[in-house]
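> Sharing run05.txt here; it has compact mmCIF, C-alpha atoms.
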# COMPACT_ATOMS: atom_id res chain seq x y z
CA MET A 9 92.31 82.70 92.97
CA GLY A 10 91.56 83.82 96.53
CA GLU A 11 92.90 80.56 97.88
CA GLN A 12 96.13 80.99 95.91
CA LEU A 13 96.52 84.50 97.28
CA SER A 14 95.94 83.26 100.82
CA GLN A 15 98.48 80.47 100.37
CA SER A 16 101.11 82.83 99.01
CA LEU A 17 100.58 85.24 101.94
CA GLU A 18 100.41 82.50 104.57
CA PRO A 19 104.15 82.61 105.53
CA ILE A 20 103.86 86.34 106.26
CA ALA A 21 100.56 85.81 108.10
CA ALA A 22 102.11 83.01 110.18
CA TRP A 23 104.93 85.35 111.21
CA PHE A 24 102.41 87.99 112.30
CA ARG A 25 100.38 85.35 114.18
CA SER A 26 103.56 84.34 116.04
CA LEU A 27 103.72 87.85 117.54
CA ASN A 28 100.60 87.01 119.59
CA THR A 29 99.03 90.38 118.89
CA PRO A 30 95.75 90.72 120.79
CA GLU A 31 92.76 89.68 118.68
CA PRO A 32 90.98 93.08 118.83
CA ILE A 33 94.05 94.75 117.32
CA VAL A 34 94.31 92.14 114.57
CA HIS A 35 90.57 92.36 113.92
CA TRP A 36 90.04 96.14 114.16
CA GLY A 37 93.53 97.57 113.54
CA HIS A 38 93.10 97.85 109.78
CA PRO A 39 89.69 99.55 109.96
CA VAL A 40 90.77 102.08 112.58
CA MET A 41 93.99 103.04 110.81
CA MET A 42 92.36 103.17 107.38
CA GLY A 43 89.46 105.18 108.77
CA ILE A 44 91.99 107.80 109.84
CA VAL A 45 93.67 107.77 106.42
CA VAL A 46 90.41 107.88 104.47
CA PHE A 47 88.47 110.41 106.50
CA VAL A 48 91.28 112.67 107.74
CA MET A 49 93.76 112.59 104.85
CA GLY A 50 91.16 111.85 102.18
CA GLY A 51 88.84 114.53 103.51
CA PHE A 52 91.70 117.02 103.56
CA VAL A 53 92.76 116.10 100.01
CA LEU A 54 89.16 116.44 98.81
CA TYR A 55 88.71 119.77 100.62
CA THR A 56 91.97 121.34 99.43
CA GLY A 57 91.44 120.09 95.88
CA TRP A 58 88.03 121.71 95.62
CA ARG A 59 89.10 124.85 97.48
CA GLY A 60 92.02 125.25 95.09
CA ARG A 61 89.68 124.73 92.15
CA LEU A 62 86.89 127.04 93.31
CA THR A 63 89.05 129.91 94.57
CA PRO A 64 89.95 132.22 91.69
CA THR A 65 93.31 131.25 90.18
CA GLY A 66 96.13 133.54 91.15
CA GLU A 67 94.83 134.24 94.63
CA GLU A 68 97.09 133.22 97.48
CA GLU A 69 94.37 130.96 98.93
CA SER A 70 94.08 129.02 95.67
CA LEU A 71 97.82 128.50 95.47
CA LYS A 72 97.98 127.40 99.12
CA ASN A 73 95.19 124.84 98.65
CA ARG A 74 96.60 123.46 95.40
CA THR A 75 100.04 123.10 97.00
CA GLU A 76 98.63 121.29 100.03
CA HIS A 77 96.57 119.04 97.76
CA ARG A 78 99.68 118.16 95.72
CA GLN A 79 101.67 117.41 98.88
CA ILE A 80 99.13 115.23 100.70
CA ALA A 81 97.41 113.37 97.83
CA PRO A 82 100.44 111.18 96.95
CA LEU A 83 100.91 110.25 100.61
CA MET A 84 97.23 109.39 100.90
CA PHE A 85 97.49 107.18 97.81
CA LEU A 86 100.57 105.49 99.30
CA PHE A 87 98.87 104.88 102.66
CA ILE A 88 95.67 103.61 101.01
CA SER A 89 97.72 101.25 98.84
CA MET A 90 99.61 99.98 101.88
CA GLY A 91 96.32 99.66 103.78
CA TYR A 92 94.83 97.67 100.91
CA THR A 93 97.71 95.22 101.20
CA GLY A 94 97.40 95.20 104.98
CA GLY A 95 93.67 94.54 104.79
CA VAL A 96 94.17 91.50 102.59
CA LEU A 97 96.92 90.27 104.91
CA SER A 98 94.67 90.85 107.92
CA LEU A 99 92.08 88.50 106.43
CA VAL A 100 94.75 85.85 105.84
CA ILE A 101 96.02 86.27 109.42
CA GLN A 102 92.45 85.68 110.64
CA ASN A 103 92.04 82.67 108.30
CA LYS A 104 89.17 84.35 106.46
CA PRO A 105 88.41 84.35 102.71
CA THR A 106 90.18 87.18 100.89
CA LEU A 107 88.36 87.90 97.64
CA GLU A 108 84.76 87.18 98.55
CA SER A 109 83.50 90.40 100.11
CA PRO A 110 82.24 93.61 98.53
CA HIS A 111 84.80 95.33 100.79
CA PHE A 112 87.65 93.71 98.84
CA TRP A 113 86.14 94.70 95.49
CA THR A 114 85.41 98.30 96.45
CA GLY A 115 88.97 98.54 97.80
CA SER A 116 90.29 97.26 94.49
CA LEU A 117 88.15 99.79 92.64
CA VAL A 118 89.50 102.59 94.84
CA ILE A 119 93.12 101.64 94.03
CA ILE A 120 92.32 101.65 90.31
CA LEU A 121 90.48 105.00 90.48
CA LEU A 122 93.24 106.63 92.53
CA GLY A 123 95.80 105.28 90.08
CA ILE A 124 93.92 106.77 87.13
CA ASN A 125 93.61 110.09 88.94
CA ALA A 126 97.32 110.06 89.74
CA LEU A 127 98.15 109.42 86.08
CA ILE A 128 95.94 112.33 85.06
CA ALA A 129 97.79 114.61 87.48
CA LEU A 130 101.22 113.27 86.48
CA SER A 131 100.38 113.91 82.83
CA GLY A 132 100.24 117.61 83.65
CA PHE A 133 96.51 117.47 82.96
CA GLY A 134 97.08 116.99 79.26
CA GLY A 135 98.94 120.18 78.45
CA GLN A 136 96.60 122.10 76.12
CA GLN A 137 93.45 120.46 77.54
CA LYS A 138 94.12 121.44 81.14
CA GLY A 139 90.54 122.47 81.83
CA ALA A 140 88.95 119.22 80.67
CA LEU A 141 91.35 116.87 82.45
CA ARG A 142 91.35 119.00 85.60
CA THR A 143 87.58 118.66 85.63
CA VAL A 144 87.80 114.88 85.12
CA HIS A 145 90.42 114.74 87.91
CA ALA A 146 88.18 116.70 90.30
CA TYR A 147 85.05 114.68 89.70
CA LEU A 148 86.85 111.34 89.58
CA GLY A 149 88.52 112.18 92.90
CA SER A 150 85.16 113.10 94.42
CA PHE A 151 83.57 109.91 93.08
CA THR A 152 86.48 107.92 94.51
CA PHE A 153 85.85 109.47 97.93
CA VAL A 154 82.19 108.36 97.71
CA VAL A 155 83.39 104.84 96.83
CA LEU A 156 85.68 105.03 99.89
CA VAL A 157 82.69 105.83 102.10
CA VAL A 158 80.79 102.84 100.65
CA HIS A 159 83.98 100.79 101.13
CA ALA A 160 84.08 101.81 104.80
CA ILE A 161 80.45 100.75 105.26
CA PHE A 162 81.20 97.37 103.69
CA GLY A 163 84.28 97.13 105.91
CA ILE A 164 82.31 97.72 109.09
CA LYS A 165 79.77 95.13 107.96
CA LEU A 166 82.60 92.67 107.23
CA GLY A 167 84.30 93.37 110.55
CA LEU A 168 81.10 92.73 112.46
CA SER A 169 80.44 89.49 110.54
CA ILE A 170 83.81 87.82 111.24
Using structure tokens, write down the structure that the file contains.


Amino acid sequence: MGEQLSQSLEPIAAWFRSLNTPEPIVHWGHPVMMGIVVFVMGGFVLYTGWRGRLTPTGEEESLKNRTEHRQIAPLMFLFISMGYTGGVLSLVIQNKPTLESPHFWTGSLVIILLGINALIALSGFGGQQKGALRTVHAYLGSFTFVVLVVHAIFGIKLGLSI
């Protein structure tokens, strides 16, 4: 399956190779940009989500944090999804296997977990069961951030090995 994916992405990868981008940018561009997204945006989303949750409802601080969380979280999900695609493409550009590393699988897990968390939020947290689904959303988001940290460690290991 990895070979099929690589073959289907090869025309795009060939176009990128034709740009003669310096090797360090091709090799480390994805990790640097995703590190910014994960640790800056992701950290902010995690922080504002928990601050909004732990500050008593109705206080201005709670409302401010919840609003910021709602504004940034979808952008973070978009950038992580784009980075996921870019990471796979980066491996194809470098003629490396795509589906063989733990970094790929933790990235896939992150996309699934973020998607589930987005669906929970888009559902309005279940209407009558707001407390339960808000709690699931909070802990699932926190767990996803931990998976992102593990993902980053696997990514650094992968980057150093290729």

> Nearest to A:Ala129: which of A:Leu86, A:Ala81, A:Leu71, A:Ile170 is it, counting all atoms listed in the file?

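Looking only at the distances to A:Ala129, the closest residue turns out to be A:Ala81.
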
> Report as a list in words all protein, DNA and RNA residues lying within 8 Å of A:Leu54, evaluated on only C-alpha atoms, omitting residues in the same chain fewer than 6 positions from it.

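Surrounding residues, per the criterion: His77, Gly149, Ser150 and Phe153 of chain A.
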
> Return the single residue from A:Leu17, A:Ile33, A:Leu121, A:Ala146 that is closest to A:Arg74, with distances computed using all atoms listed in the file.

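Between A:Leu17, A:Ile33, A:Leu121, A:Ala146, the residue approaching A:Arg74 most closely is A:Ala146.
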
> Take atom CA of A:Ala126 and atom CA of A:Gly51 and report the distance between them in Å, one decimal.

16.8 Å

> Quick one: of A:Val144, A:Ile161, A:Leu166, A:Leu83, who's nearest to A:Asn125, counting only C-alpha atoms?

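Of all the options, A:Val144 lies closest to A:Asn125.
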
> Can you tell me, as a list in words, what residues are no more than 8 Å from stretch 38-45 of chain A when counting all atoms listed in the file, ignoring any on the same chain fewer than 3 positions away?

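Near stretch 38-45 of chain A, the qualifying residues are Val34, His35, Val48, Met49, Gly50, Met84, Phe87, Ile88, Gly91, Gly94, Gly95, Ser98, Ala160, Gly163 and Ile164 of chain A.
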
> The selected residues should be written to file as a short mmCIF file (atom, residue, chain, number, x, y, z; two decimals), in the frame of the given file (atoms: C-alpha atoms).


data_model
loop_
_atom_site.label_atom_id
_atom_site.label_comp_id
_atom_site.auth_asym_id
_atom_site.auth_seq_id
_atom_site.Cartn_x
_atom_site.Cartn_y
_atom_site.Cartn_z
CA VAL A 34 94.31 92.14 114.57
CA HIS A 35 90.57 92.36 113.92
CA VAL A 48 91.28 112.67 107.74
CA MET A 49 93.76 112.59 104.85
CA GLY A 50 91.16 111.85 102.18
CA MET A 84 97.23 109.39 100.90
CA PHE A 87 98.87 104.88 102.66
CA ILE A 88 95.67 103.61 101.01
CA GLY A 91 96.32 99.66 103.78
CA GLY A 94 97.40 95.20 104.98
CA GLY A 95 93.67 94.54 104.79
CA SER A 98 94.67 90.85 107.92
CA ALA A 160 84.08 101.81 104.80
CA GLY A 163 84.28 97.13 105.91
CA ILE A 164 82.31 97.72 109.09
#

> Would you kindly return, as a PyMOL selection string, each protein, DNA or RNA residue with an atom no farther than 6 Å from any atom of A:Asn73, considering only C-alpha atoms and excluding same-chain residues fewer than 3 positions away?

chain A and resi 56+60+70+76

> Quick one: write out the picked residues with C-alpha atoms as a PDB file, keeping the file's coordinate frame?


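The result, stored in again_2.pdb:
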ATOM      1  CA  THR A  56      91.970 121.340  99.430  1.00  0.00           C
ATOM      2  CA  GLY A  60      92.020 125.250  95.090  1.00  0.00           C
ATOM      3  CA  SER A  70      94.080 129.020  95.670  1.00  0.00           C
ATOM      4  CA  GLU A  76      98.630 121.290 100.030  1.00  0.00           C
TER       5      GLU A  76
END

> For A:Thr143, which residue out of A:Val96, A:Met9, A:Leu62, A:Leu156 is the nearest one, using all atoms listed in the file?

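That would be A:Leu62, the residue with the smallest distance to A:Thr143.
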
> To one decimal place in Å, what is the distance between atom CA of A:Glu69 and atom CA of A:Ile124?

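According to the coordinates, atom CA of A:Glu69 and atom CA of A:Ile124 are separated by 26.9 Å.
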
> Rounded to one decimal, what separation in Å do you get between atom CA of A:Arg25 and atom CA of A:Ile101?

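Those two atoms sit 6.5 Å apart.
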
> Measuring between only C-alpha atoms, which one of A:Leu97, A:Leu127, A:Val155, A:Val46 shows the shortest distance to A:Ala22?

A:Leu97

> Do a neighbour search on A:Phe112 at 10 Å with only C-alpha atoms, toss out local chain neighbours closer than 3 positions, and write the hits as a list in words.

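So, after excluding close chain neighbours, the residues are Tyr92, Gly95, Val96, Thr106, Leu107, Glu108, Ser109, Gly115, Ser116, Leu117, Val118, His159, Phe162, Gly163 and Leu166 of chain A.
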
> Would you output that residue set with C-alpha atoms, as a CSV table (one decimal), keeping the file's coordinate frame?


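The resulting file, again-v3.csv, is reproduced below:
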chain,number,residue,atom,x,y,z
A,92,TYR,CA,94.8,97.7,100.9
A,95,GLY,CA,93.7,94.5,104.8
A,96,VAL,CA,94.2,91.5,102.6
A,106,THR,CA,90.2,87.2,100.9
A,107,LEU,CA,88.4,87.9,97.6
A,108,GLU,CA,84.8,87.2,98.6
A,109,SER,CA,83.5,90.4,100.1
A,115,GLY,CA,89.0,98.5,97.8
A,116,SER,CA,90.3,97.3,94.5
A,117,LEU,CA,88.2,99.8,92.6
A,118,VAL,CA,89.5,102.6,94.8
A,159,HIS,CA,84.0,100.8,101.1
A,162,PHE,CA,81.2,97.4,103.7
A,163,GLY,CA,84.3,97.1,105.9
A,166,LEU,CA,82.6,92.7,107.2

> Between A:Ile20, A:Val157, A:His145, A:Leu27, which one has atoms that come closest to A:Gly132, using all atoms listed in the file?

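Of all the options, A:His145 lies closest to A:Gly132.
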
> Give me stretch 95-109 of chain A with N, CA and C atoms filled in, as a PDB file, keeping the file's coordinate frame.


ATOM      1  N   GLY A  95      95.013  95.092 104.606  1.00  0.00           N
ATOM      2  CA  GLY A  95      93.670  94.540 104.790  1.00  0.00           C
ATOM      3  C   GLY A  95      93.572  93.111 104.291  1.00  0.00           C
ATOM      4  N   VAL A  96      94.157  92.865 103.127  1.00  0.00           N
ATOM      5  CA  VAL A  96      94.170  91.500 102.590  1.00  0.00           C
ATOM      6  C   VAL A  96      94.953  90.592 103.533  1.00  0.00           C
ATOM      7  N   LEU A  97      96.101  91.066 103.983  1.00  0.00           N
ATOM      8  CA  LEU A  97      96.920  90.270 104.910  1.00  0.00           C
ATOM      9  C   LEU A  97      96.187  90.027 106.225  1.00  0.00           C
ATOM     10  N   SER A  98      95.446  91.012 106.684  1.00  0.00           N
ATOM     11  CA  SER A  98      94.670  90.850 107.920  1.00  0.00           C
ATOM     12  C   SER A  98      93.665  89.710 107.793  1.00  0.00           C
ATOM     13  N   LEU A  99      93.018  89.607 106.641  1.00  0.00           N
ATOM     14  CA  LEU A  99      92.080  88.500 106.430  1.00  0.00           C
ATOM     15  C   LEU A  99      92.801  87.158 106.451  1.00  0.00           C
ATOM     16  N   VAL A 100      93.986  87.103 105.845  1.00  0.00           N
ATOM     17  CA  VAL A 100      94.750  85.850 105.840  1.00  0.00           C
ATOM     18  C   VAL A 100      95.186  85.508 107.268  1.00  0.00           C
ATOM     19  N   ILE A 101      95.621  86.499 108.023  1.00  0.00           N
ATOM     20  CA  ILE A 101      96.020  86.270 109.420  1.00  0.00           C
ATOM     21  C   ILE A 101      94.860  85.681 110.207  1.00  0.00           C
ATOM     22  N   GLN A 102      93.644  86.158 109.926  1.00  0.00           N
ATOM     23  CA  GLN A 102      92.450  85.680 110.640  1.00  0.00           C
ATOM     24  C   GLN A 102      91.841  84.435 110.018  1.00  0.00           C
ATOM     25  N   ASN A 103      92.527  83.870 108.998  1.00  0.00           N
ATOM     26  CA  ASN A 103      92.040  82.670 108.300  1.00  0.00           C
ATOM     27  C   ASN A 103      90.649  82.878 107.708  1.00  0.00           C
ATOM     28  N   LYS A 104      90.437  84.027 107.098  1.00  0.00           N
ATOM     29  CA  LYS A 104      89.170  84.350 106.460  1.00  0.00           C
ATOM     30  C   LYS A 104      89.362  84.430 104.950  1.00  0.00           C
ATOM     31  N   PRO A 105      88.310  84.230 104.168  1.00  0.00           N
ATOM     32  CA  PRO A 105      88.410  84.350 102.710  1.00  0.00           C
ATOM     33  C   PRO A 105      88.824  85.769 102.307  1.00  0.00           C
ATOM     34  N   THR A 106      89.636  85.876 101.259  1.00  0.00           N
ATOM     35  CA  THR A 106      90.180  87.180 100.890  1.00  0.00           C
ATOM     36  C   THR A 106      89.407  87.903  99.798  1.00  0.00           C
ATOM     37  N   LEU A 107      88.921  87.226  98.808  1.00  0.00           N
ATOM     38  CA  LEU A 107      88.360  87.900  97.640  1.00  0.00           C
ATOM     39  C   LEU A 107      86.838  87.821  97.553  1.00  0.00           C
ATOM     40  N   GLU A 108      86.185  87.464  98.631  1.00  0.00           N
ATOM     41  CA  GLU A 108      84.760  87.180  98.550  1.00  0.00           C
ATOM     42  C   GLU A 108      83.849  88.324  98.975  1.00  0.00           C
ATOM     43  N   SER A 109      84.381  89.361  99.581  1.00  0.00           N
ATOM     44  CA  SER A 109      83.500  90.400 100.110  1.00  0.00           C
ATOM     45  C   SER A 109      83.434  91.621  99.199  1.00  0.00           C
TER      46      SER A 109
END
